[in-house]
Structure formats: structure tokens, C-alpha cells
Amino acid sequence: MNFGGIYPECSMRDALFVVVPVPYDLTSTYQPGSRRGPAAIIEASTNMELYDEELKKETYTAGIHTIEFLSIDARGPRQMVSAVRRKIAKIAALEKIPVMLGGEHSISFGAVDAVKEKYPELMVLQFDAHADLRDSYQGSPFSHASVARRISEICPLVQVGIRSMSKEEGDFLPASTVKSYSADFVLENKDWCQKIGKDLSGDVYISIDLDVFDPSIMPATGTPEPGGIYWKNVLQLLKAVSRSCRIRGFDVVELAPIPGIVAPDFMAAKLIYRLMGYITE
């Protein structure tokens, strides 16, 4: 199978988007299962209409190629991040847009680091319920709980949807350059999208942890948090940023599929396809 169930599939040479499935969740700390996320997203995408009703086009004609699932390095998150970096760097070097399917959020640092090599002025937009700004967690600086801290060390970082953090993270934020916007900021301010959009320019990488969504519409995550944002909120910002910036890569991570409940899987697949559509407008 490939993303979208496209036949014949676009070749790697002709594709604009290269989908990279990474079935890894070694540092998950609450509910494991995001290793099954990439397969669930791809399967759901094969049941998705390839005509986008909002954008009035068939986005797949821009070229989507799905590569084999990335082999897992079980030695630890540092090694897995390095494996991701090597794979994404090869894709970015070809001036393709890597689309990584997780898997846990720790892998995003490898992708960001690789894309930054190609685009040195890269900025990062992170959708997430959690700040992920611990310097290390459970002995690892490459834990899913530290991914934003590592990203902030190499790129300007803007966070959206945050509603959970440790005291360490709360103390770190005011002294950092990270721009962090809570879910309440999004839900309670009419001009929230314009304000956040002003923090982003030029080359941008987008990392979407699906727990940014309220668990009423996205229950299939390893670390759900109440009080999240919603489908149209996320699309509004994605559309605005895609119009004002150059999206150089993105990931969708932390889907932990629930057997017999396919709506979250399908939602993740359609989110990916819609963002591809915004990028190609």
C-alpha cells in the first residue's frame, strides 16, 4: 500500500511529497502503540477521496511517493533520531518535501535537523498538547518529552495548543526564545491565527502531534489531554502559514490506533492530504 492508495504511484523522481513511515515508540511513557500509527494512517488514506472538496482539486497529481517503512534502531532514541536524520536528509537534498508519519514525537528532531541542513534559516511550527521542553526525561535527552527542547536549540520554535508542562518547562519558557501559545489562547482570541502567523516566515517545518486536538475528536493518542483545539482551528493556521511561508517538510505523529475505531486514523490521513493541498495551492 501507499499513501492515498494511488495507482500507478508517482515515482520518487517525479514526486513533490515523499511519505516516510517511521513505526517507532520506544520512549513512550503512558500508552504505547504509536508504532502502529503509520500503517493505520496509510490504510485509512486508501479509503479517502483524492478529490479535495475544499480546494476543488486532486492534490495527488502534484506527486506523492511512499517509501518503505524505516527500519527501527532499538539501541535507543539517539540512534533512532540519527537514522531518521539520514533518511530525511537524502529526501530534502533532492528538493522533495518529506512527510514523516510517526511513531512517537522524538523522531521529529531528526527530521528537523535534516531539513535545516538544506534550509539553514528554517523555523518550526509545533502543534502539541505538551511543551516537550524537558532537557532530558528518564535519562534521555532524546525522549519524546524533550523533542521541542532539542529543536529550540537549532531553530526558532513556535508552539500551538500547549496545555500541559512540568515545572522545569514552565521555568524554562520565559528565559527562552520559544513562542508558546496555549489551547486557551486559540479558543478565546478571535485574532489568534494572525498573531501566531506573524511569528513565522520564510522556510518552515511543521510538526503535528495529534494530541493537540481535543480527545473528544482525537482519542487515539498515547498522552491525551483535555481542553484541546479542533479540526477547523488547526486547518485555519495550516492554511495561513502555507500561504505566507515555504513549507519544507512536515510530520504527523503520536497516533496510537484504537482497534475497531478508525475515525482518528482517517482524520490523521485527511489532515496530511489537506496540508499537502494547502502547500500546492
# chains A, B, ... in the order shown; residues from 1 in each chain; ligands from 1
>>> select_by_dssp(residues="range 34-214 of chain A", states="alpha helix (DSSP H)", output="PyMOL selection string")
chain A and resi 37-45+77-93+108-118+147-152+167-175+183-188+192-197
>>> write_last_selection(atoms="C-alpha atoms", output="PDB file, in the first residue's frame")
ATOM      1  CA  GLY A  37       0.299   4.706  13.621  1.00  0.00           C
ATOM      2  CA  PRO A  38       1.985   4.855  10.201  1.00  0.00           C
ATOM      3  CA  ALA A  39       0.332   1.654   8.959  1.00  0.00           C
ATOM      4  CA  ALA A  40      -3.074   2.807  10.245  1.00  0.00           C
ATOM      5  CA  ILE A  41      -2.726   6.200   8.541  1.00  0.00           C
ATOM      6  CA  ILE A  42      -1.716   4.653   5.230  1.00  0.00           C
ATOM      7  CA  GLU A  43      -4.562   2.118   5.374  1.00  0.00           C
ATOM      8  CA  ALA A  44      -7.077   4.854   6.199  1.00  0.00           C
ATOM      9  CA  SER A  45      -5.749   7.023   3.367  1.00  0.00           C
ATOM     10  CA  PRO A  77      16.331   7.177  20.803  1.00  0.00           C
ATOM     11  CA  ARG A  78      19.633   8.850  19.958  1.00  0.00           C
ATOM     12  CA  GLN A  79      20.364   6.203  17.346  1.00  0.00           C
ATOM     13  CA  MET A  80      16.802   6.323  16.017  1.00  0.00           C
ATOM     14  CA  VAL A  81      16.909  10.101  15.661  1.00  0.00           C
ATOM     15  CA  SER A  82      20.143   9.703  13.692  1.00  0.00           C
ATOM     16  CA  ALA A  83      18.537   7.113  11.405  1.00  0.00           C
ATOM     17  CA  VAL A  84      15.638   9.473  10.736  1.00  0.00           C
ATOM     18  CA  ARG A  85      18.027  12.320  10.055  1.00  0.00           C
ATOM     19  CA  ARG A  86      19.948  10.334   7.460  1.00  0.00           C
ATOM     20  CA  LYS A  87      16.811   9.278   5.612  1.00  0.00           C
ATOM     21  CA  ILE A  88      15.153  12.718   5.627  1.00  0.00           C
ATOM     22  CA  ALA A  89      18.393  14.447   4.602  1.00  0.00           C
ATOM     23  CA  LYS A  90      18.521  12.384   1.408  1.00  0.00           C
ATOM     24  CA  ILE A  91      14.943  13.379   0.571  1.00  0.00           C
ATOM     25  CA  ALA A  92      15.430  17.074   1.338  1.00  0.00           C
ATOM     26  CA  ALA A  93      18.630  17.143  -0.721  1.00  0.00           C
ATOM     27  CA  SER A 108      10.777  14.813  14.760  1.00  0.00           C
ATOM     28  CA  PHE A 109      14.119  16.192  15.895  1.00  0.00           C
ATOM     29  CA  GLY A 110      15.935  14.043  13.361  1.00  0.00           C
ATOM     30  CA  ALA A 111      13.679  15.287  10.578  1.00  0.00           C
ATOM     31  CA  VAL A 112      14.024  18.938  11.587  1.00  0.00           C
ATOM     32  CA  ASP A 113      17.795  18.656  11.830  1.00  0.00           C
ATOM     33  CA  ALA A 114      17.953  17.149   8.340  1.00  0.00           C
ATOM     34  CA  VAL A 115      15.695  19.763   6.738  1.00  0.00           C
ATOM     35  CA  LYS A 116      17.660  22.551   8.431  1.00  0.00           C
ATOM     36  CA  GLU A 117      20.804  21.280   6.732  1.00  0.00           C
ATOM     37  CA  LYS A 118      19.116  22.050   3.397  1.00  0.00           C
ATOM     38  CA  VAL A 147      11.942  16.904  21.404  1.00  0.00           C
ATOM     39  CA  ALA A 148      10.954  20.587  21.461  1.00  0.00           C
ATOM     40  CA  ARG A 149      13.919  21.452  23.693  1.00  0.00           C
ATOM     41  CA  ARG A 150      16.293  19.908  21.139  1.00  0.00           C
ATOM     42  CA  ILE A 151      14.527  21.654  18.252  1.00  0.00           C
ATOM     43  CA  SER A 152      14.667  25.016  20.053  1.00  0.00           C
ATOM     44  CA  LYS A 167       7.690  22.983  36.455  1.00  0.00           C
ATOM     45  CA  GLU A 168      11.052  22.626  34.721  1.00  0.00           C
ATOM     46  CA  GLU A 169       9.429  23.557  31.418  1.00  0.00           C
ATOM     47  CA  GLY A 170       7.436  26.374  32.983  1.00  0.00           C
ATOM     48  CA  ASP A 171      10.649  27.843  34.386  1.00  0.00           C
ATOM     49  CA  PHE A 172      12.500  27.394  31.092  1.00  0.00           C
ATOM     50  CA  LEU A 173       9.979  29.068  28.798  1.00  0.00           C
ATOM     51  CA  PRO A 174      10.240  32.728  29.982  1.00  0.00           C
ATOM     52  CA  ALA A 175      14.025  32.691  29.590  1.00  0.00           C
ATOM     53  CA  ALA A 183      -5.030  25.981  23.581  1.00  0.00           C
ATOM     54  CA  ASP A 184      -6.999  28.602  25.521  1.00  0.00           C
ATOM     55  CA  PHE A 185      -5.248  31.352  23.529  1.00  0.00           C
ATOM     56  CA  VAL A 186      -6.523  29.757  20.326  1.00  0.00           C
ATOM     57  CA  LEU A 187     -10.040  29.170  21.612  1.00  0.00           C
ATOM     58  CA  GLU A 188     -10.530  32.539  23.305  1.00  0.00           C
ATOM     59  CA  TRP A 192      -5.250  34.184  17.342  1.00  0.00           C
ATOM     60  CA  CYS A 193      -4.307  32.969  13.862  1.00  0.00           C
ATOM     61  CA  GLN A 194      -2.985  36.342  12.719  1.00  0.00           C
ATOM     62  CA  LYS A 195      -0.957  36.778  15.913  1.00  0.00           C
ATOM     63  CA  ILE A 196       0.691  33.375  15.639  1.00  0.00           C
ATOM     64  CA  GLY A 197       1.216  33.744  11.915  1.00  0.00           C
TER      65      GLY A 197
END
>>> residues_around(residues="range 53-56 of chain A", least_positions_apart="5", cutoff="9 Å", atoms="only C-alpha atoms", output="ChimeraX atom specification")
/A:274,277-278,281
>>> closest_residue(among="A:Ser136, A:Thr177, A:Ser71, A:Ser106", to="Asp209 in chain A", atoms="only C-alpha atoms")
A:Ser106
>>> residues_around(residues="Asp265 in chain A", least_positions_apart="4", cutoff="12 Å", atoms="only C-alpha atoms", output="ChimeraX atom specification")
/A:34,36-48,101,210,217-221,252-261,269-272
>>> select_by_dssp(residues="range 40-71 of chain A", states="strand (DSSP E)", output="list in words")
Tyr51, Asp52, Lys57, Glu58, Ile64, His65 and Thr66 of chain A
>>> write_last_selection(atoms="C-alpha atoms", output="PDB file, in the first residue's frame")
ATOM      1  CA  TYR A  51     -10.569  14.973  -4.790  1.00  0.00           C
ATOM      2  CA  ASP A  52     -10.302  17.666  -2.100  1.00  0.00           C
ATOM      3  CA  LYS A  57      -8.600  19.718  -6.871  1.00  0.00           C
ATOM      4  CA  GLU A  58      -6.930  16.313  -6.823  1.00  0.00           C
ATOM      5  CA  ILE A  64       3.123  11.622  -3.811  1.00  0.00           C
ATOM      6  CA  HIS A  65       5.563   8.757  -3.331  1.00  0.00           C
ATOM      7  CA  THR A  66       5.606   6.471  -0.272  1.00  0.00           C
TER       8      THR A  66
END
>>> residues_around(residues="Thr280 in chain A", least_positions_apart="6", cutoff="9 Å", atoms="only C-alpha atoms", output="PyMOL selection string")
chain A and resi 59+62+242
>>> write_last_selection(atoms="N, CA and C atoms", output="compact mmCIF listing (two decimals), in the first residue's frame")
# COMPACT_ATOMS: atom_id res chain seq x y z
N THR A 59 -5.19 16.68 -5.19
CA THR A 59 -3.86 17.05 -4.73
C THR A 59 -2.80 16.04 -5.15
N ALA A 62 0.08 16.41 -7.81
CA ALA A 62 1.36 17.10 -7.58
C ALA A 62 2.49 16.10 -7.39
N SER A 242 0.81 28.13 5.22
CA SER A 242 1.18 27.63 3.89
C SER A 242 1.16 28.74 2.85
>>> closest_residue(among="A:Asp251, A:Asp199, A:Asp128, A:Asp25", to="Gly76 in chain A", atoms="only C-alpha atoms")
A:Asp25
>>> closest_residue(among="A:Phe250, A:Tyr60, A:Phe213, A:Tyr7", to="Ile107 in chain A", atoms="only C-alpha atoms")
A:Phe250
